[in-house]
>>> print(open('my_file_21.cif').read())   # mmCIF, C-alpha atoms and all ligand atoms
data_protein
loop_
_atom_site.label_atom_id
_atom_site.label_comp_id
_atom_site.auth_asym_id
_atom_site.auth_seq_id
_atom_site.Cartn_x
_atom_site.Cartn_y
_atom_site.Cartn_z
CA MET S 135 -41.87 86.02 -36.54
CA GLU S 136 -45.36 84.77 -37.39
CA ARG S 137 -46.54 87.89 -39.24
CA LEU S 138 -43.53 87.63 -41.55
CA LYS S 139 -44.20 83.97 -42.33
CA GLU S 140 -47.84 84.79 -43.13
CA LYS S 141 -46.77 87.65 -45.38
CA ILE S 142 -44.26 85.47 -47.24
CA GLU S 143 -46.92 82.77 -47.72
CA LYS S 144 -49.47 85.28 -48.97
CA GLU S 145 -47.32 87.62 -51.05
CA GLY S 146 -44.15 85.69 -51.90
CA SER S 147 -43.51 83.53 -54.93
CA VAL S 148 -40.90 80.92 -55.72
CA GLN S 149 -38.70 81.29 -58.79
CA GLY S 150 -36.94 78.19 -60.05
CA SER S 151 -35.71 75.95 -57.27
CA ASN S 152 -34.15 78.40 -54.84
CA ILE S 153 -35.14 82.04 -55.33
CA LEU S 154 -37.89 83.54 -53.22
CA LYS S 155 -39.44 86.72 -54.56
CA VAL S 156 -40.89 89.15 -52.06
CA ASP S 157 -40.91 92.22 -54.29
CA ASN S 158 -44.29 93.22 -52.97
CA PHE S 159 -43.03 94.27 -49.54
CA LEU S 160 -39.23 94.03 -49.34
CA ASN S 161 -37.26 94.01 -52.60
CA HIS S 162 -39.03 96.36 -54.97
CA GLN S 163 -42.09 97.91 -53.36
CA VAL S 164 -41.38 98.54 -49.69
CA ASP S 165 -44.09 98.12 -47.05
CA VAL S 166 -42.82 100.67 -44.55
CA ASN S 167 -45.34 99.86 -41.83
CA PHE S 168 -44.40 96.22 -42.01
CA LEU S 169 -40.68 97.00 -42.07
CA ASN S 170 -41.26 98.89 -38.83
CA GLU S 171 -42.41 95.64 -37.25
CA ILE S 172 -39.26 93.97 -38.54
CA GLY S 173 -37.08 96.77 -37.16
CA ARG S 174 -38.79 96.51 -33.79
CA GLU S 175 -38.16 92.76 -33.71
CA PHE S 176 -34.44 93.17 -34.48
CA ALA S 177 -34.28 95.84 -31.77
CA ARG S 178 -35.89 93.45 -29.28
CA ARG S 179 -33.43 90.68 -30.13
CA PHE S 180 -30.30 92.83 -30.07
CA GLN S 181 -31.34 95.47 -27.52
CA ASP S 182 -28.62 94.59 -24.99
CA ALA S 183 -25.82 94.17 -27.52
CA GLY S 184 -24.56 97.75 -27.25
CA ILE S 185 -24.36 98.30 -31.00
CA SER S 186 -22.92 101.53 -32.38
CA LYS S 187 -23.63 101.03 -36.09
CA ILE S 188 -25.60 98.93 -38.53
CA LEU S 189 -23.81 97.68 -41.62
CA THR S 190 -25.59 96.47 -44.73
CA ILE S 191 -25.08 96.14 -48.47
CA GLU S 192 -26.73 98.05 -51.28
CA ALA S 193 -29.37 97.99 -52.50
CA SER S 194 -31.98 95.84 -50.88
CA GLY S 195 -30.47 95.82 -47.39
CA ILE S 196 -30.74 99.58 -47.03
CA ALA S 197 -34.46 99.96 -46.37
CA VAL S 198 -34.62 97.38 -43.62
CA ALA S 199 -31.32 98.54 -42.09
CA ALA S 200 -32.45 102.18 -42.03
CA ILE S 201 -35.75 101.40 -40.39
CA THR S 202 -34.05 99.13 -37.84
CA ALA S 203 -31.44 101.80 -37.06
CA GLN S 204 -34.17 104.15 -35.84
CA TYR S 205 -34.92 101.76 -32.99
CA PHE S 206 -31.28 101.75 -31.90
CA GLY S 207 -30.57 105.43 -32.57
CA VAL S 208 -27.42 104.55 -34.54
CA PRO S 209 -26.26 105.29 -38.11
CA VAL S 210 -26.40 102.89 -41.03
CA VAL S 211 -23.39 102.31 -43.24
CA PHE S 212 -23.99 100.48 -46.50
CA ALA S 213 -21.29 98.80 -48.53
CA LYS S 214 -21.20 100.03 -52.12
CA LYS S 215 -20.95 97.67 -55.04
CA THR S 216 -19.74 100.07 -57.68
CA GLU S 217 -16.58 102.15 -57.93
CA SER S 218 -17.30 105.83 -58.20
CA LYS S 219 -15.26 109.00 -58.39
CA ASN S 220 -16.86 110.36 -55.28
CA LEU S 221 -15.97 107.38 -53.10
CA ASP S 222 -13.14 108.13 -50.66
CA GLN S 223 -9.63 106.98 -51.49
CA THR S 224 -9.22 104.85 -48.38
CA VAL S 225 -11.70 102.03 -48.42
CA TYR S 226 -12.12 98.58 -46.93
CA LYS S 227 -12.84 96.11 -49.72
CA SER S 228 -14.00 92.53 -50.04
CA GLU S 229 -15.10 90.19 -52.81
CA VAL S 230 -18.61 88.73 -52.84
CA PHE S 231 -20.00 86.11 -55.18
CA SER S 232 -23.69 86.58 -55.86
CA PHE S 233 -25.50 83.45 -56.85
CA THR S 234 -28.64 85.37 -57.80
CA LYS S 235 -26.59 87.39 -60.31
CA ASP S 236 -23.96 84.69 -60.96
CA LYS S 237 -21.04 87.08 -60.64
CA THR S 238 -18.40 88.28 -58.21
CA TYR S 239 -18.36 91.92 -57.23
CA THR S 240 -16.23 94.07 -54.95
CA ILE S 241 -17.92 95.68 -51.96
CA MET S 242 -16.43 98.85 -50.50
CA VAL S 243 -16.83 100.92 -47.35
CA SER S 244 -14.96 104.15 -46.73
CA SER S 245 -12.61 103.80 -43.76
CA LYS S 246 -14.14 107.03 -42.41
CA TYR S 247 -17.29 105.26 -41.35
CA LEU S 248 -16.04 102.22 -39.43
CA ASP S 249 -13.37 102.06 -36.77
CA SER S 250 -12.03 99.88 -34.00
CA GLN S 251 -14.43 101.39 -31.42
CA ASP S 252 -17.48 100.22 -33.35
CA ARG S 253 -19.82 97.41 -32.35
CA ILE S 254 -21.49 96.35 -35.55
CA LEU S 255 -24.80 94.69 -36.30
CA ILE S 256 -24.99 93.44 -39.89
CA ILE S 257 -28.51 93.49 -41.35
CA ASP S 258 -29.57 91.97 -44.67
CA ASP S 259 -32.77 90.95 -46.39
CA PHE S 260 -31.80 87.37 -47.32
CA LEU S 261 -29.27 84.76 -46.24
CA ALA S 262 -28.51 82.07 -48.81
CA ASN S 263 -24.89 80.91 -49.17
CA GLY S 264 -23.59 83.51 -46.74
CA ARG S 265 -21.24 85.24 -49.17
CA ALA S 266 -22.62 88.75 -48.63
CA ALA S 267 -22.51 88.33 -44.85
CA LEU S 268 -18.95 86.95 -44.95
CA GLY S 269 -17.83 89.86 -47.15
CA LEU S 270 -19.33 92.32 -44.66
CA ARG S 271 -17.68 90.48 -41.77
CA ASP S 272 -14.36 90.76 -43.61
CA ILE S 273 -14.85 94.54 -43.77
CA VAL S 274 -15.72 94.70 -40.05
CA GLU S 275 -12.49 92.81 -39.30
CA GLN S 276 -10.43 95.11 -41.53
CA ALA S 277 -11.75 98.05 -39.48
CA GLY S 278 -10.81 96.27 -36.25
CA ALA S 279 -14.44 96.63 -35.09
CA ASP S 280 -16.50 94.02 -33.18
CA LEU S 281 -19.19 92.07 -34.98
CA VAL S 282 -22.03 91.75 -32.51
CA GLY S 283 -24.33 89.70 -34.71
CA ILE S 284 -26.20 89.37 -37.96
CA GLY S 285 -29.91 90.06 -38.39
CA ILE S 286 -31.56 88.50 -41.41
CA VAL S 287 -35.14 88.96 -42.53
CA ILE S 288 -35.41 85.68 -44.49
CA GLU S 289 -32.93 82.82 -44.21
CA LYS S 290 -33.14 79.98 -46.70
CA GLY S 291 -32.22 77.14 -44.39
CA PHE S 292 -31.68 74.70 -47.24
CA GLN S 293 -28.68 76.75 -48.40
CA PRO S 294 -25.50 76.63 -46.31
CA GLY S 295 -24.99 80.28 -45.22
CA GLY S 296 -26.66 80.00 -41.80
CA LYS S 297 -24.69 76.91 -40.86
CA ILE S 298 -21.38 78.44 -42.00
CA LEU S 299 -21.91 81.66 -40.04
CA ARG S 300 -23.14 79.97 -36.85
CA LYS S 301 -20.27 77.49 -36.99
CA ALA S 302 -17.91 80.45 -37.17
CA GLY S 303 -19.35 81.52 -33.81
CA ILE S 304 -21.42 84.42 -35.15
CA ARG S 305 -24.80 85.16 -33.58
CA VAL S 306 -27.31 84.98 -36.45
CA GLU S 307 -30.93 85.99 -35.83
CA SER S 308 -33.26 85.22 -38.74
CA LEU S 309 -36.86 86.34 -38.49
CA ALA S 310 -38.09 83.56 -40.78
CA ILE S 311 -36.24 80.44 -41.86
CA VAL S 312 -37.48 78.66 -44.98
CA LYS S 313 -36.91 74.91 -44.68
CA THR S 314 -37.93 73.96 -48.23
CA MET S 315 -39.67 75.49 -51.22
CA ALA S 316 -39.95 72.38 -53.35
CA GLU S 317 -42.62 72.66 -56.06
CA GLY S 318 -43.31 76.23 -55.04
CA ARG S 319 -44.60 75.28 -51.57
CA ILE S 320 -42.91 77.31 -48.87
CA ILE S 321 -42.35 75.41 -45.60
CA PHE S 322 -40.80 77.19 -42.61
CA GLU S 323 -38.70 75.92 -39.77
CA GLU S 324 -40.49 76.20 -36.43
P1 LIG Q 1 -25.77 85.04 -50.05
O1 LIG Q 1 -24.65 86.01 -50.15
O2 LIG Q 1 -26.13 84.65 -48.62
O3 LIG Q 1 -25.59 83.84 -50.94
O4 LIG Q 1 -27.05 85.76 -50.65
C1 LIG Q 1 -27.59 86.85 -49.99
C2 LIG Q 1 -27.83 88.01 -50.91
O5 LIG Q 1 -28.35 87.57 -52.17
C3 LIG Q 1 -28.86 88.92 -50.30
O6 LIG Q 1 -28.24 90.17 -50.07
C4 LIG Q 1 -29.98 89.02 -51.30
O7 LIG Q 1 -30.00 90.32 -51.87
C5 LIG Q 1 -29.67 88.02 -52.39
N1 LIG Q 1 -30.55 86.83 -52.33
C6 LIG Q 1 -30.17 85.56 -52.06
N2 LIG Q 1 -31.20 84.72 -52.16
C7 LIG Q 1 -32.28 85.45 -52.49
C8 LIG Q 1 -33.65 85.13 -52.74
O8 LIG Q 1 -34.11 83.97 -52.69
N3 LIG Q 1 -34.48 86.17 -53.04
C9 LIG Q 1 -34.02 87.46 -53.10
N4 LIG Q 1 -34.93 88.41 -53.39
N5 LIG Q 1 -32.73 87.80 -52.90
C10 LIG Q 1 -31.86 86.81 -52.58
#
>>> encode(input="my_file_21.cif", output="structure tokens", more="lines below")
Ligand code: 5GP
Amino acid sequence: MERLKEKIEKEGSVQGSNILKVDNFLNHQVDVNFLNEIGREFARRFQDAGISKILTIEASGIAVAAITAQYFGVPVVFAKKTESKNLDQTVYKSEVFSFTKDKTYTIMVSSKYLDSQDRILIIDDFLANGRAALGLRDIVEQAGADLVGIGIVIEKGFQPGGKILRKAGIRVESLAIVKTMAEGRIIFEE
């Protein structure tokens, strides 16, 4: 998606060797008009997949998942990262290691909101090592639902997540794939 690449080049910044910051439009301030373009693009790519729900992970997946869901007319379910008294008793759980936070956390989805009839599209903002996506896939499998595919706004192609997921036979659609960001220069795959 050319507009996304241009926006990353213009508004993104590289932190250290492997973190891309796009706080200006995706991860802190949210550019709703632009996210609409992203939602429309995911809808175009997955329009014939017969999805019944979008699954994402809090917090930064929610905005893009919610906007995308409007194009499909389906609900969004987001996995929670913190235990809370008002979470249902019966939950699907998985463990996710976050390399941006350098810790493992448990993600949880109430069993009320996913079942074996569901056809799930996972949406997330970034794909790096694939741990978040694999944790969400684990939850989809626990529910006995079908995973139709994974839509990612920005994949960092120099980290192994994309390869792992595609090798596992999962359809992964990334709207921009960063090939390298050495010395702060962002280069995209074609
Ligand atoms: P993974 O689980 O694929 O290793 O990492 C994906 C998750 O980590 C995403 O949900 C995203 O929130 C976060 N993440 C990974 N890499 C980056 C990055 O370069 N920039 C930002 N803003 N978040 C990232």
>>> residues_near_ligand(input="my_file_21.cif", ligand="ligand LIG 1 (chain Q)", cutoff="9 Å", atoms="all atoms listed in the file", output="ChimeraX atom specification")
/S:148-149,152-157,160-161,190-195,230-235,258-269,288-290,293-296
>>> closest_residue(input="my_file_21.cif", among="S:Ala279, S:Met135, S:Val274, S:Val210", to="Glu324 (chain S)", atoms="only C-alpha atoms")
S:Met135
>>> residues_around(input="my_file_21.cif", residues="Thr224 (chain S)", least_positions_apart="6", cutoff="9 Å", atoms="all atoms listed in the file", output="short mmCIF file (atom, residue, chain, number, x, y, z; two decimals) with C-alpha atoms, in the frame of the given file")
data_model
loop_
_atom_site.label_atom_id
_atom_site.label_comp_id
_atom_site.auth_asym_id
_atom_site.auth_seq_id
_atom_site.Cartn_x
_atom_site.Cartn_y
_atom_site.Cartn_z
CA VAL S 243 -16.83 100.92 -47.35
CA SER S 244 -14.96 104.15 -46.73
CA SER S 245 -12.61 103.80 -43.76
CA LYS S 246 -14.14 107.03 -42.41
#
>>> atom_distance(input="my_file_21.cif", atom1="CA of Phe180 (chain S)", atom2="CA of Arg305 (chain S)")
10.1 Å
>>> closest_residue(input="my_file_21.cif", among="S:Leu169, S:Leu281, S:Ile273, S:Ile241", to="Ile201 (chain S)", atoms="all atoms listed in the file")
S:Leu169
>>> atom_distance(input="my_file_21.cif", atom1="CA of Ile284 (chain S)", atom2="CA of Arg253 (chain S)")
11.7 Å
>>> atom_distance(input="my_file_21.cif", atom1="CA of Tyr239 (chain S)", atom2="CA of Val282 (chain S)")
25.0 Å
>>> residues_around(input="my_file_21.cif", residues="Gln204 (chain S)", least_positions_apart="4", cutoff="10 Å", atoms="all atoms listed in the file", output="PyMOL selection string")
chain S and resi 170+173-174+177+199-200+208-210
>>> closest_atom_pairs(input="my_file_21.cif", of="region 158-269 of chain S", to="region 137-141 of chain S", cutoff="10 Å", atoms="all atoms listed in the file", output="CSV")
residue,atom,partner,partner_atom,distance
S:Asn158,CA,S:Lys141,CA,9.7
S:Phe159,CA,S:Lys141,CA,8.7
S:Phe168,CA,S:Leu138,CA,8.6
S:Leu169,CA,S:Leu138,CA,9.8
S:Glu171,CA,S:Arg137,CA,9.0
S:Ile172,CA,S:Leu138,CA,8.2
>>> write_last_selection(input="my_file_21.cif", atoms="C-alpha atoms", output="mmCIF file, in the frame of the given file")
data_model
loop_
_atom_site.group_PDB
_atom_site.id
_atom_site.type_symbol
_atom_site.label_atom_id
_atom_site.label_comp_id
_atom_site.auth_asym_id
_atom_site.auth_seq_id
_atom_site.Cartn_x
_atom_site.Cartn_y
_atom_site.Cartn_z
ATOM 1 C CA ASN S 158 -44.290 93.220 -52.970
ATOM 2 C CA PHE S 159 -43.030 94.270 -49.540
ATOM 3 C CA PHE S 168 -44.400 96.220 -42.010
ATOM 4 C CA LEU S 169 -40.680 97.000 -42.070
ATOM 5 C CA GLU S 171 -42.410 95.640 -37.250
ATOM 6 C CA ILE S 172 -39.260 93.970 -38.540
#
